[in-house]
Every structure is written in structure tokens, then in C-alpha cells.
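Participant: Take a look at this one; I'll ask things after.
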There are 2 protein chains.
Amino acid sequence: MEVLEAIRGRRSIRKYKPQPIPDEVVEKILEAGRWAPSGGNIQPWIFIVVRDRATLEMIRKVSPGYLGTAPLAIVVCSDKQRAFQVGGRLGRDYMTIADCAMAVQNMLLAAYALGLGTCVVKSFSPIAVREILEIPDGIEPELIVVVGYPDERPVVPHRFSIEEITYLDKYGNKFVRKGP
Amino acid sequence: MEVLEAIRGRRSIRKYKPQPIPDEVVEKILEAGRWAPSGGNIQPWIFIVVRDRATLEMIRKVSPGYLGTAPLAIVVCSDKQRAFQVGGRLGRDYMTIADCAMAVQNMLLAAYALGLGTCVVKSFSPIAVREILEIPDGIEPELIVVVGYPDERPVVPHRFSIEEITYLDKYGNKFVRKGP
């Protein structure tokens, strides 16, 4: 699938088929994640692939925004301790979030290109997720990516136009589209 | 260009040709950015396209990590005030960073698919960038995306393998690849 087609076509999916995801497909999604850029190439991400049904259910119970019963979730964590050692406070407090989000976006696009649906969840209890997944101190669960075969075709949600969100050379100076 | 090919092939570029970027190409990159997902569909991003040579130079001078003389930079800002109104503290302090990073990743991939090179810069002085671009209070410059035609082919930097960064069902439980 073409890059721009994937970027425009991807939707957040909240209803999934129970159908399991083959291992080689899961690996392609992880592969996409690990090729994201990161500040100072620190690659702060750690992926916890959750396939165990009971574990998925426990996570879902502590994540209000986690809808549907997808067969897989990837809990994207960051190594805050290593990020601090390499990148100081900016590394630990900012770049871990941005880097993991970029890895997540790669995974969403790869999953979509492979026929899968995804949804990013942040509304989880970090304390509960740490306990369920036995995540040690220094490692932080950043975002959960729910993955499964979609059982809905959501309408395209509202998007601001380029003109509404873009300025030229300084804030407030309208960017006028010249393209077709 | 295929999604997975773009994800794996993209490199951070630090040496650019002076060649300007056609408007319709810039618009395709912005288009990719605006299709990123965002928490509660808030779309907190504001893009400031900087093409003015003097402005680019000023930004470069206050951004230690900003290398090369690319003809374009996109300063990705977030609307912290709106994010707080809609999403509270998590919306303002976390999701703005993650959402803007996802929009940035889309732009990096689109630019690469269009034959362009990019580099994400965070090592800038936010105070100086605010002043140069006349960014008002409540709006925060998050990341700068430098864009231009590449004048180098960087070697592929080290990447952790899937096995090194992935666990199954709980932290510490090795994920064993089964794929080819």
C-alpha cells in the first residue's frame, strides 16, 4: 500500500473480529516500530506484545478508552532511566514520549497496510498496567496500541483543513494553498 | 512508495541541496501531517512553514541540532490552551507531545516517499523560536522538521533487533520470533 494512501485511510478502530493475528504479521508491525527515528538514536522503546486473553482483559479493565475485544495489544514502554543517562531531562521527559509516539505511528500505518485495525489508548492506569505486566521501575508504559482485524468501517472524523492549521514564516500569517 | 519500504528506508538527513521545494509537494507533506490520529480527535497541531531564508537562518542559530541549509522547515506547534480545555492536564502535558510527534512521523514518511529528506530537531531554544516566529502564549513549538532534497546518503544507524526490545505478555518474558 502507498504511504499517502495508508496515512489518509487509517482510522481508529474500536470493534474487532476475534480472528487471531499470525506471528509474521505481528513481527512486521514490530519491525515498523523499531525503524522510527529517535533523539540521538536512543531508541527508548520497549514493546510488550500482549496476546494472553486474561492479561488483555485485565488491561482493558484499567483502561477506560480501550474498547472492543481485539486479540492483541502492544504496550509501548520507554526506558526512562537510559533516556536520562543519554539525553538528560529533555531525553527522559520529552523525547521518550515523542519517540514512542513516532514508533506507534509507524506501527499503525504498517498494521493498516497489512489489513489490520488499530487504536491508540492512553487513558489507562499506569500503576495498574505496571503491576499487570510486571514492569520494573525506570520503565514507563507510554501508549497502548490495540490491534485486530476490523469489524467496522468508521466514518472519517472531522479534520481541520491545511489552511486552518498552517501559517507561513510566522504565526498568524496565512498559508495560501497554491496546489491543485 | 510502499509503507514498509518508506518506514525502513527513511533516514535523518543533515546535508541538503539548495533546490527549493514546489508548493504542491509542501502541501502533500502538510496533508500527511493533518491525518495523524490524536487523543479525542483534538488535532492540537499548528504548522508554521518557514521558507524565508533570513527566518530559517535565525532559527538555525538557536537550534544546535539543526544542521545543513535546507530550504524549508516546518515548525510543529501545539495548542496547549485548547488541549487543556478539551483534555485536561493529560491532554495538555502529554497528548500534545504524542499527537504532534505522530503528525511529524507522517510528514517524515510522506516527504521520503516524495524524494525529500528530513530531520527532526528538538534542541532549539523555545523562547527564541517563539520570538522569531511571533508565537503567542498558549501555543508551544514542539518539534522542527527540516525538509529538503538530500545531498547525502547516510549509513543505516544501529537499530536494536526485535528480540532485544520485545517481550511477550509480561515484562522480561522473551518474545521469540517465529517468522522467516
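Residues in the C-alpha cells are numbered from 1 in each chain, the chains being A, B, ... in the order shown, and ligands are numbered from 1 in the order shown.
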Using only C-alpha atoms and a distance of at most 6 Å, pull out the residues of chain A that contact chain B, as an NGL selection string.
Facilitator: :A and (1-3 or 8 or 24 or 35 or 46-50 or 98 or 101-102 or 105 or 133-135 or 165-171 or 179)
Participant: Using DSSP on the backbone, list every residue of stretch 26-130 of chain A that comes out as strand (DSSP E or B), and give them as a ChimeraX atom specification.
Facilitator: /A:45-50,72-79,117-121
Participant: Include N, CA and C atoms and write out the residues we just selected as a PDB file, in the first residue's frame.
Facilitator:
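Saved as selection.pdb:
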```pdb
ATOM      1  N   TRP A  45      12.318   2.736  23.101  1.00  0.00           N
ATOM      2  CA  TRP A  45      11.108   1.909  23.157  1.00  0.00           C
ATOM      3  C   TRP A  45      11.338   0.459  23.571  1.00  0.00           C
ATOM      4  N   ILE A  46      10.354  -0.040  24.281  1.00  0.00           N
ATOM      5  CA  ILE A  46      10.270  -1.467  24.624  1.00  0.00           C
ATOM      6  C   ILE A  46       8.833  -1.866  24.315  1.00  0.00           C
ATOM      7  N   PHE A  47       8.652  -2.932  23.567  1.00  0.00           N
ATOM      8  CA  PHE A  47       7.308  -3.359  23.175  1.00  0.00           C
ATOM      9  C   PHE A  47       6.902  -4.600  23.975  1.00  0.00           C
ATOM     10  N   ILE A  48       5.784  -4.518  24.659  1.00  0.00           N
ATOM     11  CA  ILE A  48       5.257  -5.727  25.295  1.00  0.00           C
ATOM     12  C   ILE A  48       4.038  -6.171  24.495  1.00  0.00           C
ATOM     13  N   VAL A  49       4.206  -7.283  23.785  1.00  0.00           N
ATOM     14  CA  VAL A  49       3.129  -7.845  22.975  1.00  0.00           C
ATOM     15  C   VAL A  49       2.231  -8.652  23.903  1.00  0.00           C
ATOM     16  N   VAL A  50       0.978  -8.263  24.008  1.00  0.00           N
ATOM     17  CA  VAL A  50       0.066  -8.992  24.894  1.00  0.00           C
ATOM     18  C   VAL A  50      -0.934  -9.780  24.047  1.00  0.00           C
ATOM     19  N   LEU A  72      -5.051  -8.705  20.334  1.00  0.00           N
ATOM     20  CA  LEU A  72      -3.667  -8.309  20.589  1.00  0.00           C
ATOM     21  C   LEU A  72      -3.576  -6.861  21.031  1.00  0.00           C
ATOM     22  N   ALA A  73      -2.634  -6.597  21.924  1.00  0.00           N
ATOM     23  CA  ALA A  73      -2.295  -5.221  22.255  1.00  0.00           C
ATOM     24  C   ALA A  73      -0.781  -5.132  22.374  1.00  0.00           C
ATOM     25  N   ILE A  74      -0.235  -4.015  21.916  1.00  0.00           N
ATOM     26  CA  ILE A  74       1.202  -3.782  22.087  1.00  0.00           C
ATOM     27  C   ILE A  74       1.349  -2.620  23.059  1.00  0.00           C
ATOM     28  N   VAL A  75       1.893  -2.917  24.228  1.00  0.00           N
ATOM     29  CA  VAL A  75       2.107  -1.874  25.227  1.00  0.00           C
ATOM     30  C   VAL A  75       3.503  -1.301  24.964  1.00  0.00           C
ATOM     31  N   VAL A  76       3.511  -0.062  24.484  1.00  0.00           N
ATOM     32  CA  VAL A  76       4.777   0.582  24.135  1.00  0.00           C
ATOM     33  C   VAL A  76       5.294   1.317  25.365  1.00  0.00           C
ATOM     34  N   CYS A  77       6.446   0.864  25.850  1.00  0.00           N
ATOM     35  CA  CYS A  77       7.048   1.461  27.045  1.00  0.00           C
ATOM     36  C   CYS A  77       8.315   2.201  26.649  1.00  0.00           C
ATOM     37  N   SER A  78       8.766   3.074  27.547  1.00  0.00           N
ATOM     38  CA  SER A  78      10.051   3.730  27.305  1.00  0.00           C
ATOM     39  C   SER A  78      10.991   3.443  28.465  1.00  0.00           C
ATOM     40  N   ASP A  79      12.261   3.407  28.138  1.00  0.00           N
ATOM     41  CA  ASP A  79      13.284   3.210  29.155  1.00  0.00           C
ATOM     42  C   ASP A  79      13.710   4.591  29.646  1.00  0.00           C
ATOM     43  N   GLY A 117      -6.722  -3.302  11.903  1.00  0.00           N
ATOM     44  CA  GLY A 117      -7.174  -2.071  12.524  1.00  0.00           C
ATOM     45  C   GLY A 117      -6.420  -1.869  13.824  1.00  0.00           C
ATOM     46  N   THR A 118      -6.326  -0.615  14.242  1.00  0.00           N
ATOM     47  CA  THR A 118      -5.619  -0.285  15.475  1.00  0.00           C
ATOM     48  C   THR A 118      -6.339   0.835  16.210  1.00  0.00           C
ATOM     49  N   CYS A 119      -6.015   0.964  17.486  1.00  0.00           N
ATOM     50  CA  CYS A 119      -6.482   2.121  18.238  1.00  0.00           C
ATOM     51  C   CYS A 119      -5.425   2.426  19.305  1.00  0.00           C
ATOM     52  N   VAL A 120      -5.077   3.691  19.412  1.00  0.00           N
ATOM     53  CA  VAL A 120      -4.085   4.089  20.426  1.00  0.00           C
ATOM     54  C   VAL A 120      -4.832   4.453  21.702  1.00  0.00           C
ATOM     55  N   VAL A 121      -4.365   3.915  22.816  1.00  0.00           N
ATOM     56  CA  VAL A 121      -5.018   4.160  24.100  1.00  0.00           C
ATOM     57  C   VAL A 121      -4.008   4.786  25.074  1.00  0.00           C
TER      58      VAL A 121
END
```
Participant: Tell me, in Å to one decimal, how far atom CA of A:Ile13 is from atom CA of A:Met58.
Facilitator: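 Going from atom CA of A:Ile13 over to atom CA of A:Met58 covers 19.9 Å.
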Participant: Nearest residue to B:Pro126 out of B:Val62, B:Gly138, B:Val86, B:Pro71, using only C-alpha atoms?
Facilitator: B:Val62
